Amino acid sequence: MLKLFDEAAPASDVAAIIIEPLQGEGGFIPAPIEFVKKLRKICDDNGIMLIADEVQCGNCRTGKYFTSEYWKEAGAAPDIIATAKSMGAGVPISAISAREEVMDAAPAGTIGGTYCGNPLACAAAIKTMEIMKEEDYCAKSLHIGSVVRKAFEKMKEKYDIIGDVRGIGGMLGVEFVKDKESKEPNPEFVSKLIQTALQKGLLLENAGSFGNVIRFLAPLCMTEEQMEAGLKIFEESILSNL
């Protein structure tokens, strides 16, 4: 980062640094806590805001309401959190939250947008938050993550084509490779896997720079039976393409 200040943009010209606590499209890679702590110090030393992009990993996905709560526990809380998607349980909405002095720094009326203050979206988001807290969706996420990670780890032991299993709570990624020695990405296998699973009734989506990561981001309200059925189809689809 310090090298970046020297070669790309001086620290005095950087207003904020934004990162995902757990990458979504990037391949479901968690930001290491030690990295975040060092980034927090760099931001503090240079008067830079640290922003957590929780559009995909927020709203109980990882066992905390916001994944950056893990950062806060480590003494590296972000200045601003951006969230959306599951925030409204299907109703389009996005939001930012920050410390009072950060939000109050902008003069009234200078921050706006096409969908600001939509009554239906706001009502949906508030009700969604209430349900998630009342029914302890964070605990649901940790339970789902525990069950699914164990299943994925077993598959990793059995199949050389699985190179890594990673994530936090109920947000997990399975990386497919050509072999565990080279760890060369295997997007071709993932493409076939997605089509096979689809024919069996399971929707899958890939991610990562090479498109070789299957992301597990299932609804936190799913039943145990649905979870087991999905895992069964997933493994059957892997076997069908070996």
# chains A, B, ... in the order shown; residues from 1 in each chain; ligands from 1

$ residues_around --residues "range 89-98 of chain A" --least-positions-apart "2" --cutoff "12 Å" --atoms "only C-alpha atoms" --output "JSON, numbers by chain"
{"A": [49, 50, 51, 52, 53, 54, 55, 56, 58, 59, 66, 77, 78, 79, 80, 81, 82, 83, 84, 85, 86, 87, 100, 101, 102, 103, 104, 105, 111, 112, 113, 114, 115, 116, 117, 118, 119, 120, 121, 122, 123, 124, 125, 126, 127, 128, 129, 130, 131, 132, 219, 220, 221]}

$ write_last_selection --atoms "N, CA and C atoms" --output "compact mmCIF listing (two decimals), in the first residue's frame"
# COMPACT_ATOMS: atom_id res chain seq x y z
N MET A 49 -10.35 7.35 4.87
CA MET A 49 -11.49 6.57 5.33
C MET A 49 -11.35 5.11 4.88
N LEU A 50 -11.72 4.18 5.74
CA LEU A 50 -11.75 2.76 5.39
C LEU A 50 -13.21 2.34 5.24
N ILE A 51 -13.55 1.86 4.05
CA ILE A 51 -14.94 1.49 3.74
C ILE A 51 -15.05 -0.02 3.54
N ALA A 52 -16.01 -0.63 4.21
CA ALA A 52 -16.30 -2.06 4.04
C ALA A 52 -17.47 -2.22 3.08
N ASP A 53 -17.21 -2.86 1.95
CA ASP A 53 -18.27 -3.15 0.98
C ASP A 53 -18.94 -4.46 1.37
N GLU A 54 -20.12 -4.35 1.97
CA GLU A 54 -20.82 -5.54 2.47
C GLU A 54 -22.07 -5.84 1.64
N VAL A 55 -22.06 -5.41 0.39
CA VAL A 55 -23.22 -5.63 -0.48
C VAL A 55 -23.53 -7.13 -0.60
N GLN A 56 -22.49 -7.96 -0.69
CA GLN A 56 -22.71 -9.40 -0.84
C GLN A 56 -22.49 -10.17 0.46
N GLY A 58 -22.78 -8.95 3.68
CA GLY A 58 -23.46 -8.43 4.86
C GLY A 58 -24.76 -9.14 5.18
N ASN A 59 -25.48 -8.61 6.17
CA ASN A 59 -26.80 -9.11 6.55
C ASN A 59 -26.79 -10.59 6.94
N PHE A 66 -22.95 -7.76 10.22
CA PHE A 66 -22.02 -7.28 9.21
C PHE A 66 -20.70 -8.02 9.41
N ALA A 77 -12.26 -1.41 13.10
CA ALA A 77 -13.59 -1.15 12.53
C ALA A 77 -13.51 -0.19 11.35
N PRO A 78 -14.35 -0.39 10.34
CA PRO A 78 -14.36 0.53 9.19
C PRO A 78 -15.02 1.85 9.57
N ASP A 79 -14.78 2.88 8.75
CA ASP A 79 -15.43 4.17 8.97
C ASP A 79 -16.82 4.19 8.36
N ILE A 80 -16.97 3.47 7.25
CA ILE A 80 -18.24 3.44 6.51
C ILE A 80 -18.54 2.01 6.09
N ILE A 81 -19.81 1.63 6.14
CA ILE A 81 -20.25 0.32 5.65
C ILE A 81 -21.27 0.54 4.54
N ALA A 82 -21.05 -0.14 3.41
CA ALA A 82 -22.01 -0.10 2.30
C ALA A 82 -22.72 -1.45 2.22
N THR A 83 -24.04 -1.44 2.09
CA THR A 83 -24.79 -2.69 2.04
C THR A 83 -25.96 -2.56 1.07
N ALA A 84 -26.50 -3.71 0.68
CA ALA A 84 -27.64 -3.74 -0.27
C ALA A 84 -28.15 -5.17 -0.36
N LYS A 85 -28.66 -5.56 -1.53
CA LYS A 85 -29.10 -6.93 -1.83
C LYS A 85 -30.00 -7.53 -0.77
N SER A 86 -29.49 -8.44 0.08
CA SER A 86 -30.35 -9.15 1.03
C SER A 86 -30.92 -8.22 2.10
N MET A 87 -30.44 -7.01 2.15
CA MET A 87 -30.95 -6.02 3.10
C MET A 87 -32.46 -5.87 3.00
N GLU A 100 -21.38 9.09 13.41
CA GLU A 100 -22.15 10.33 13.31
C GLU A 100 -21.36 11.47 12.69
N GLU A 101 -20.09 11.61 13.08
CA GLU A 101 -19.31 12.74 12.56
C GLU A 101 -19.03 12.59 11.06
N VAL A 102 -18.99 11.35 10.59
CA VAL A 102 -18.78 11.13 9.16
C VAL A 102 -20.04 11.49 8.39
N MET A 103 -21.19 11.02 8.84
CA MET A 103 -22.45 11.31 8.16
C MET A 103 -22.80 12.80 8.21
N ASP A 104 -22.48 13.44 9.31
CA ASP A 104 -22.82 14.86 9.46
C ASP A 104 -21.87 15.79 8.72
N ALA A 105 -20.76 15.24 8.20
CA ALA A 105 -19.77 16.08 7.51
C ALA A 105 -20.31 16.62 6.19
N ILE A 111 -26.27 14.80 -0.60
CA ILE A 111 -26.20 13.39 -0.97
C ILE A 111 -27.59 12.93 -1.36
N GLY A 112 -27.71 12.45 -2.59
CA GLY A 112 -29.03 12.03 -3.06
C GLY A 112 -28.91 10.90 -4.06
N GLY A 113 -30.05 10.41 -4.51
CA GLY A 113 -30.06 9.33 -5.49
C GLY A 113 -31.47 9.10 -5.98
N THR A 114 -31.59 8.39 -7.07
CA THR A 114 -32.89 8.18 -7.70
C THR A 114 -33.88 7.50 -6.76
N TYR A 115 -33.40 6.53 -5.96
CA TYR A 115 -34.32 5.74 -5.14
C TYR A 115 -34.25 6.08 -3.65
N CYS A 116 -33.72 7.23 -3.33
CA CYS A 116 -33.58 7.57 -1.90
C CYS A 116 -34.93 7.61 -1.19
N GLY A 117 -34.98 6.98 -0.03
CA GLY A 117 -36.16 7.07 0.82
C GLY A 117 -37.40 6.39 0.29
N ASN A 118 -37.25 5.41 -0.60
CA ASN A 118 -38.44 4.71 -1.11
C ASN A 118 -39.17 4.05 0.06
N PRO A 119 -40.42 4.42 0.32
CA PRO A 119 -41.13 3.92 1.51
C PRO A 119 -41.26 2.40 1.55
N LEU A 120 -41.61 1.77 0.42
CA LEU A 120 -41.76 0.32 0.39
C LEU A 120 -40.44 -0.37 0.69
N ALA A 121 -39.36 0.08 0.04
CA ALA A 121 -38.05 -0.53 0.24
C ALA A 121 -37.58 -0.37 1.68
N CYS A 122 -37.79 0.81 2.24
CA CYS A 122 -37.38 1.06 3.62
C CYS A 122 -38.16 0.18 4.60
N ALA A 123 -39.45 0.04 4.36
CA ALA A 123 -40.28 -0.81 5.22
C ALA A 123 -39.83 -2.26 5.13
N ALA A 124 -39.53 -2.71 3.92
CA ALA A 124 -39.06 -4.08 3.73
C ALA A 124 -37.74 -4.32 4.45
N ALA A 125 -36.83 -3.35 4.36
CA ALA A 125 -35.52 -3.49 5.00
C ALA A 125 -35.64 -3.53 6.52
N ILE A 126 -36.49 -2.68 7.07
CA ILE A 126 -36.68 -2.65 8.53
C ILE A 126 -37.27 -3.98 9.01
N LYS A 127 -38.27 -4.49 8.29
CA LYS A 127 -38.90 -5.75 8.68
C LYS A 127 -37.92 -6.90 8.53
N THR A 128 -37.13 -6.87 7.48
CA THR A 128 -36.12 -7.91 7.27
C THR A 128 -35.12 -7.93 8.42
N MET A 129 -34.68 -6.76 8.82
CA MET A 129 -33.72 -6.65 9.93
C MET A 129 -34.33 -7.20 11.22
N GLU A 130 -35.60 -6.87 11.45
CA GLU A 130 -36.29 -7.37 12.65
C GLU A 130 -36.34 -8.89 12.67
N ILE A 131 -36.72 -9.48 11.53
CA ILE A 131 -36.82 -10.94 11.44
C ILE A 131 -35.45 -11.59 11.63
N MET A 132 -34.44 -11.04 10.98
CA MET A 132 -33.09 -11.61 11.08
C MET A 132 -32.59 -11.61 12.52
N PRO A 219 -30.01 -19.32 0.66
CA PRO A 219 -30.89 -18.61 1.60
C PRO A 219 -30.71 -19.13 3.03
N LEU A 220 -30.59 -18.22 3.98
CA LEU A 220 -30.38 -18.63 5.37
C LEU A 220 -31.64 -19.21 6.00
N CYS A 221 -32.77 -19.12 5.29
CA CYS A 221 -34.03 -19.67 5.81
C CYS A 221 -34.28 -21.08 5.27

$ residues_around --residues "range 197-211 of chain A" --least-positions-apart "3" --cutoff "8 Å" --atoms "only C-alpha atoms" --output "list of chain:residue names"
A:Gly24, A:Glu25, A:Gly26, A:Gly27, A:Phe28, A:Pro185, A:Asn186, A:Pro187, A:Val190, A:Leu193, A:Ile194, A:Ile214, A:Arg215, A:Gly230, A:Ile233, A:Phe234, A:Ser237

$ write_last_selection --atoms "N, CA and C atoms" --output "mmCIF file, in the first residue's frame"
data_model
loop_
_atom_site.group_PDB
_atom_site.id
_atom_site.type_symbol
_atom_site.label_atom_id
_atom_site.label_comp_id
_atom_site.auth_asym_id
_atom_site.auth_seq_id
_atom_site.Cartn_x
_atom_site.Cartn_y
_atom_site.Cartn_z
ATOM 1 N N GLY A 24 -16.768 -11.290 -3.103
ATOM 2 C CA GLY A 24 -17.843 -12.013 -3.753
ATOM 3 C C GLY A 24 -17.413 -12.485 -5.129
ATOM 4 N N GLU A 25 -17.508 -11.585 -6.115
ATOM 5 C CA GLU A 25 -17.118 -11.923 -7.483
ATOM 6 C C GLU A 25 -15.649 -12.345 -7.552
ATOM 7 N N GLY A 26 -14.832 -11.865 -6.636
ATOM 8 C CA GLY A 26 -13.400 -12.157 -6.657
ATOM 9 C C GLY A 26 -13.027 -13.586 -6.300
ATOM 10 N N GLY A 27 -13.996 -14.368 -5.814
ATOM 11 C CA GLY A 27 -13.697 -15.771 -5.528
ATOM 12 C C GLY A 27 -13.890 -16.196 -4.093
ATOM 13 N N PHE A 28 -14.712 -15.453 -3.340
ATOM 14 C CA PHE A 28 -15.017 -15.805 -1.950
ATOM 15 C C PHE A 28 -13.744 -15.937 -1.107
ATOM 16 N N PRO A 185 -6.193 -23.320 -12.242
ATOM 17 C CA PRO A 185 -7.649 -23.164 -12.272
ATOM 18 C C PRO A 185 -8.293 -24.063 -13.325
ATOM 19 N N ASN A 186 -9.517 -24.529 -13.007
ATOM 20 C CA ASN A 186 -10.222 -25.428 -13.915
ATOM 21 C C ASN A 186 -11.633 -24.911 -14.200
ATOM 22 N N PRO A 187 -11.733 -23.785 -14.927
ATOM 23 C CA PRO A 187 -13.056 -23.234 -15.229
ATOM 24 C C PRO A 187 -13.887 -24.125 -16.149
ATOM 25 N N VAL A 190 -15.876 -26.445 -14.051
ATOM 26 C CA VAL A 190 -16.938 -25.714 -13.353
ATOM 27 C C VAL A 190 -18.105 -25.428 -14.293
ATOM 28 N N LEU A 193 -19.997 -28.573 -14.555
ATOM 29 C CA LEU A 193 -20.627 -28.849 -13.265
ATOM 30 C C LEU A 193 -21.914 -28.041 -13.098
ATOM 31 N N ILE A 194 -21.871 -26.788 -13.468
ATOM 32 C CA ILE A 194 -23.045 -25.918 -13.353
ATOM 33 C C ILE A 194 -24.199 -26.451 -14.200
ATOM 34 N N ILE A 214 -16.985 -22.225 -7.201
ATOM 35 C CA ILE A 214 -18.435 -22.310 -6.980
ATOM 36 C C ILE A 214 -18.723 -21.650 -5.642
ATOM 37 N N ARG A 215 -19.636 -20.699 -5.668
ATOM 38 C CA ARG A 215 -19.944 -19.981 -4.429
ATOM 39 C C ARG A 215 -21.204 -20.539 -3.760
ATOM 40 N N GLY A 230 -29.332 -30.380 -1.577
ATOM 41 C CA GLY A 230 -28.416 -29.603 -2.401
ATOM 42 C C GLY A 230 -27.013 -30.172 -2.395
ATOM 43 N N ILE A 233 -26.912 -33.418 -4.540
ATOM 44 C CA ILE A 233 -26.874 -33.136 -5.976
ATOM 45 C C ILE A 233 -25.512 -32.578 -6.376
ATOM 46 N N PHE A 234 -24.942 -31.746 -5.529
ATOM 47 C CA PHE A 234 -23.639 -31.140 -5.812
ATOM 48 C C PHE A 234 -22.571 -32.225 -6.002
ATOM 49 N N SER A 237 -23.133 -34.322 -9.107
ATOM 50 C CA SER A 237 -22.770 -33.583 -10.320
ATOM 51 C C SER A 237 -21.263 -33.583 -10.519
#

$ select_by_dssp --residues "range 24-109 of chain A" --states "strand (DSSP E)" --output "short mmCIF file (atom, residue, chain, number, x, y, z; two decimals) with all heavy atoms, in the first residue's frame"
data_model
loop_
_atom_site.label_atom_id
_atom_site.label_comp_id
_atom_site.auth_asym_id
_atom_site.auth_seq_id
_atom_site.Cartn_x
_atom_site.Cartn_y
_atom_site.Cartn_z
N MET A 49 -10.35 7.35 4.87
CA MET A 49 -11.49 6.57 5.33
C MET A 49 -11.35 5.11 4.88
O MET A 49 -10.94 4.84 3.75
CB MET A 49 -12.80 7.13 4.77
CG MET A 49 -13.19 8.47 5.34
SD MET A 49 -13.84 8.30 7.00
CE MET A 49 -14.13 10.02 7.40
N LEU A 50 -11.72 4.18 5.74
CA LEU A 50 -11.75 2.76 5.39
C LEU A 50 -13.21 2.34 5.24
O LEU A 50 -14.01 2.47 6.17
CB LEU A 50 -11.07 1.91 6.48
CG LEU A 50 -11.07 0.39 6.25
CD1 LEU A 50 -10.36 0.03 4.94
CD2 LEU A 50 -10.40 -0.32 7.43
N ILE A 51 -13.55 1.86 4.05
CA ILE A 51 -14.94 1.49 3.74
C ILE A 51 -15.05 -0.02 3.54
O ILE A 51 -14.27 -0.61 2.80
CB ILE A 51 -15.44 2.20 2.47
CG1 ILE A 51 -15.31 3.72 2.62
CG2 ILE A 51 -16.89 1.81 2.17
CD1 ILE A 51 -15.67 4.50 1.35
N ALA A 52 -16.01 -0.63 4.21
CA ALA A 52 -16.30 -2.06 4.04
C ALA A 52 -17.47 -2.22 3.08
O ALA A 52 -18.57 -1.74 3.35
CB ALA A 52 -16.63 -2.70 5.38
N ASP A 53 -17.21 -2.86 1.95
CA ASP A 53 -18.27 -3.15 0.98
C ASP A 53 -18.94 -4.46 1.37
O ASP A 53 -18.41 -5.55 1.13
CB ASP A 53 -17.65 -3.25 -0.42
CG ASP A 53 -18.66 -3.64 -1.49
OD1 ASP A 53 -19.83 -3.94 -1.15
OD2 ASP A 53 -18.29 -3.68 -2.68
N ILE A 80 -16.97 3.47 7.25
CA ILE A 80 -18.24 3.44 6.51
C ILE A 80 -18.54 2.01 6.09
O ILE A 80 -17.62 1.27 5.73
CB ILE A 80 -18.18 4.35 5.26
CG1 ILE A 80 -17.92 5.81 5.67
CG2 ILE A 80 -19.47 4.25 4.44
CD1 ILE A 80 -17.66 6.74 4.49
N ILE A 81 -19.81 1.63 6.14
CA ILE A 81 -20.25 0.32 5.65
C ILE A 81 -21.27 0.54 4.54
O ILE A 81 -22.22 1.31 4.70
CB ILE A 81 -20.90 -0.52 6.77
CG1 ILE A 81 -19.88 -0.83 7.87
CG2 ILE A 81 -21.49 -1.81 6.21
CD1 ILE A 81 -20.48 -1.51 9.09
N ALA A 82 -21.05 -0.14 3.41
CA ALA A 82 -22.01 -0.10 2.30
C ALA A 82 -22.72 -1.45 2.22
O ALA A 82 -22.08 -2.50 2.30
CB ALA A 82 -21.29 0.18 0.98
N THR A 83 -24.04 -1.44 2.09
CA THR A 83 -24.79 -2.69 2.04
C THR A 83 -25.96 -2.56 1.07
O THR A 83 -26.34 -1.46 0.66
CB THR A 83 -25.29 -3.08 3.44
OG1 THR A 83 -25.89 -4.38 3.39
CG2 THR A 83 -26.31 -2.08 3.96
N ALA A 95 -27.76 1.01 1.07
CA ALA A 95 -27.58 1.99 2.14
C ALA A 95 -26.12 2.09 2.53
O ALA A 95 -25.32 1.18 2.28
CB ALA A 95 -28.41 1.60 3.37
N ILE A 96 -25.75 3.21 3.13
CA ILE A 96 -24.45 3.34 3.77
C ILE A 96 -24.69 3.76 5.22
O ILE A 96 -25.67 4.42 5.54
CB ILE A 96 -23.54 4.38 3.08
CG1 ILE A 96 -24.17 5.79 3.10
CG2 ILE A 96 -23.22 3.96 1.66
CD1 ILE A 96 -23.19 6.87 2.72
N SER A 97 -23.80 3.31 6.09
CA SER A 97 -23.87 3.72 7.49
C SER A 97 -22.47 4.07 7.95
O SER A 97 -21.48 3.53 7.44
CB SER A 97 -24.46 2.61 8.37
OG SER A 97 -23.74 1.40 8.20
N ALA A 98 -22.39 5.00 8.89
CA ALA A 98 -21.09 5.46 9.35
C ALA A 98 -21.23 6.14 10.70
O ALA A 98 -22.36 6.36 11.19
CB ALA A 98 -20.48 6.43 8.34
#

$ residues_around --residues "Lys232 in chain A" --least-positions-apart "3" --cutoff "12 Å" --atoms "only C-alpha atoms" --output "mmCIF file with N, CA, C and O atoms, in the first residue's frame"
data_model
loop_
_atom_site.group_PDB
_atom_site.id
_atom_site.type_symbol
_atom_site.label_atom_id
_atom_site.label_comp_id
_atom_site.auth_asym_id
_atom_site.auth_seq_id
_atom_site.Cartn_x
_atom_site.Cartn_y
_atom_site.Cartn_z
ATOM 1 N N VAL A 148 -22.137 -27.379 5.957
ATOM 2 C CA VAL A 148 -21.720 -27.374 4.560
ATOM 3 C C VAL A 148 -20.199 -27.451 4.427
ATOM 4 O O VAL A 148 -19.680 -28.154 3.554
ATOM 5 N N ALA A 151 -19.046 -30.960 4.777
ATOM 6 C CA ALA A 151 -19.355 -31.730 3.564
ATOM 7 C C ALA A 151 -18.362 -31.404 2.448
ATOM 8 O O ALA A 151 -17.849 -32.305 1.762
ATOM 9 N N PHE A 152 -18.058 -30.119 2.279
ATOM 10 C CA PHE A 152 -17.112 -29.707 1.238
ATOM 11 C C PHE A 152 -15.702 -30.228 1.531
ATOM 12 O O PHE A 152 -14.976 -30.628 0.620
ATOM 13 N N MET A 155 -15.453 -33.764 0.542
ATOM 14 C CA MET A 155 -15.333 -33.861 -0.909
ATOM 15 C C MET A 155 -13.909 -33.503 -1.352
ATOM 16 O O MET A 155 -13.362 -34.123 -2.269
ATOM 17 N N ALA A 197 -25.573 -29.817 -12.667
ATOM 18 C CA ALA A 197 -26.369 -29.552 -11.464
ATOM 19 C C ALA A 197 -27.719 -28.941 -11.825
ATOM 20 O O ALA A 197 -28.745 -29.262 -11.211
ATOM 21 N N LYS A 200 -30.236 -31.377 -12.698
ATOM 22 C CA LYS A 200 -30.693 -32.137 -11.540
ATOM 23 C C LYS A 200 -31.509 -31.282 -10.563
ATOM 24 O O LYS A 200 -31.921 -31.752 -9.501
ATOM 25 N N GLY A 201 -31.696 -30.010 -10.905
ATOM 26 C CA GLY A 201 -32.529 -29.138 -10.076
ATOM 27 C C GLY A 201 -31.792 -28.259 -9.093
ATOM 28 O O GLY A 201 -32.416 -27.662 -8.210
ATOM 29 N N LEU A 202 -30.457 -28.136 -9.246
ATOM 30 C CA LEU A 202 -29.669 -27.305 -8.332
ATOM 31 C C LEU A 202 -29.036 -26.156 -9.098
ATOM 32 O O LEU A 202 -28.301 -26.363 -10.063
ATOM 33 N N GLU A 225 -33.459 -30.314 5.245
ATOM 34 C CA GLU A 225 -33.715 -31.220 4.128
ATOM 35 C C GLU A 225 -33.249 -30.613 2.806
ATOM 36 O O GLU A 225 -32.656 -31.300 1.966
ATOM 37 N N GLN A 226 -33.517 -29.324 2.615
ATOM 38 C CA GLN A 226 -33.082 -28.639 1.401
ATOM 39 C C GLN A 226 -31.556 -28.586 1.323
ATOM 40 O O GLN A 226 -30.974 -28.781 0.249
ATOM 41 N N MET A 227 -30.930 -28.328 2.449
ATOM 42 C CA MET A 227 -29.471 -28.262 2.490
ATOM 43 C C MET A 227 -28.852 -29.601 2.128
ATOM 44 O O MET A 227 -27.928 -29.678 1.305
ATOM 45 N N GLU A 228 -29.363 -30.676 2.718
ATOM 46 C CA GLU A 228 -28.828 -32.019 2.443
ATOM 47 C C GLU A 228 -29.080 -32.418 0.985
ATOM 48 O O GLU A 228 -28.220 -33.034 0.346
ATOM 49 N N ALA A 229 -30.254 -32.042 0.466
ATOM 50 C CA ALA A 229 -30.577 -32.363 -0.930
ATOM 51 C C ALA A 229 -29.621 -31.637 -1.879
ATOM 52 O O ALA A 229 -29.140 -32.215 -2.864
ATOM 53 N N GLU A 235 -22.531 -33.173 -5.075
ATOM 54 C CA GLU A 235 -21.521 -34.231 -5.170
ATOM 55 C C GLU A 235 -21.813 -35.154 -6.352
ATOM 56 O O GLU A 235 -20.885 -35.582 -7.057
ATOM 57 N N GLU A 236 -23.073 -35.466 -6.583
ATOM 58 C CA GLU A 236 -23.439 -36.304 -7.735
ATOM 59 C C GLU A 236 -23.006 -35.638 -9.047
ATOM 60 O O GLU A 236 -22.528 -36.307 -9.968
ATOM 61 N N SER A 237 -23.133 -34.322 -9.107
ATOM 62 C CA SER A 237 -22.770 -33.583 -10.320
ATOM 63 C C SER A 237 -21.263 -33.583 -10.519
ATOM 64 O O SER A 237 -20.778 -33.590 -11.658
ATOM 65 N N ILE A 238 -20.506 -33.529 -9.404
ATOM 66 C CA ILE A 238 -19.051 -33.608 -9.507
ATOM 67 C C ILE A 238 -18.666 -34.966 -10.097
ATOM 68 O O ILE A 238 -17.878 -35.053 -11.051
ATOM 69 N N LEU A 239 -19.231 -36.033 -9.521
ATOM 70 C CA LEU A 239 -18.918 -37.385 -9.968
ATOM 71 C C LEU A 239 -19.280 -37.593 -11.437
ATOM 72 O O LEU A 239 -18.579 -38.299 -12.170
#

$ atom_distance --atom1 "CA of Asp179 in chain A" --atom2 "CA of Lys154 in chain A"
16.6 Å

$ closest_atom_pairs --of "range 116-175 of chain A" --to "range 69-73 of chain A" --cutoff "12 Å" --atoms "only C-alpha atoms" --output "Markdown table"
| residue | atom | partner | partner_atom | distance |
| --- | --- | --- | --- | --- |
| A:Cys138 | CA | A:Glu69 | CA | 11.9 |
| A:Ile168 | CA | A:Tyr70 | CA | 10.4 |
| A:Gly169 | CA | A:Tyr70 | CA | 11.7 |

$ decode --residues "range 46-67 of chain A" --atoms "N, CA and C atoms" --output "compact mmCIF listing (two decimals), in the first residue's frame"
# COMPACT_ATOMS: atom_id res chain seq x y z
N ASN A 46 -2.86 8.40 7.71
CA ASN A 46 -2.91 9.30 6.56
C ASN A 46 -4.24 10.01 6.37
N GLY A 47 -5.12 9.91 7.36
CA GLY A 47 -6.41 10.59 7.26
C GLY A 47 -7.29 10.06 6.15
N ILE A 48 -7.27 8.74 5.94
CA ILE A 48 -8.04 8.09 4.88
C ILE A 48 -9.19 7.29 5.49
N MET A 49 -10.35 7.35 4.87
CA MET A 49 -11.49 6.57 5.33
C MET A 49 -11.35 5.11 4.88
N LEU A 50 -11.72 4.18 5.74
CA LEU A 50 -11.75 2.76 5.39
C LEU A 50 -13.21 2.34 5.24
N ILE A 51 -13.55 1.86 4.05
CA ILE A 51 -14.94 1.49 3.74
C ILE A 51 -15.05 -0.02 3.54
N ALA A 52 -16.01 -0.63 4.21
CA ALA A 52 -16.30 -2.06 4.04
C ALA A 52 -17.47 -2.22 3.08
N ASP A 53 -17.21 -2.86 1.95
CA ASP A 53 -18.27 -3.15 0.98
C ASP A 53 -18.94 -4.46 1.37
N GLU A 54 -20.12 -4.35 1.97
CA GLU A 54 -20.82 -5.54 2.47
C GLU A 54 -22.07 -5.84 1.64
N VAL A 55 -22.06 -5.41 0.39
CA VAL A 55 -23.22 -5.63 -0.48
C VAL A 55 -23.53 -7.13 -0.60
N GLN A 56 -22.49 -7.96 -0.69
CA GLN A 56 -22.71 -9.40 -0.84
C GLN A 56 -22.49 -10.17 0.46
N CYS A 57 -21.60 -9.70 1.31
CA CYS A 57 -21.26 -10.48 2.52
C CYS A 57 -21.96 -9.99 3.78
N GLY A 58 -22.78 -8.95 3.68
CA GLY A 58 -23.46 -8.43 4.86
C GLY A 58 -24.76 -9.14 5.18
N ASN A 59 -25.48 -8.61 6.17
CA ASN A 59 -26.80 -9.11 6.55
C ASN A 59 -26.79 -10.59 6.94
N CYS A 60 -25.94 -10.90 7.93
CA CYS A 60 -25.89 -12.21 8.59
C CYS A 60 -25.23 -13.32 7.77
N ARG A 61 -24.72 -13.02 6.60
CA ARG A 61 -24.14 -14.05 5.73
C ARG A 61 -23.01 -14.83 6.38
N THR A 62 -22.22 -14.15 7.22
CA THR A 62 -21.00 -14.78 7.73
C THR A 62 -21.02 -15.06 9.24
N GLY A 63 -22.18 -14.97 9.84
CA GLY A 63 -22.27 -15.24 11.27
C GLY A 63 -22.29 -13.99 12.13
N LYS A 64 -22.12 -12.84 11.52
CA LYS A 64 -22.31 -11.53 12.17
C LYS A 64 -23.28 -10.76 11.29
N TYR A 65 -23.96 -9.77 11.87
CA TYR A 65 -24.88 -9.01 11.01
C TYR A 65 -24.10 -8.36 9.88
N PHE A 66 -22.95 -7.76 10.22
CA PHE A 66 -22.02 -7.28 9.21
C PHE A 66 -20.70 -8.02 9.41
N THR A 67 -20.08 -8.44 8.32
CA THR A 67 -18.82 -9.17 8.42
C THR A 67 -17.73 -8.31 9.05
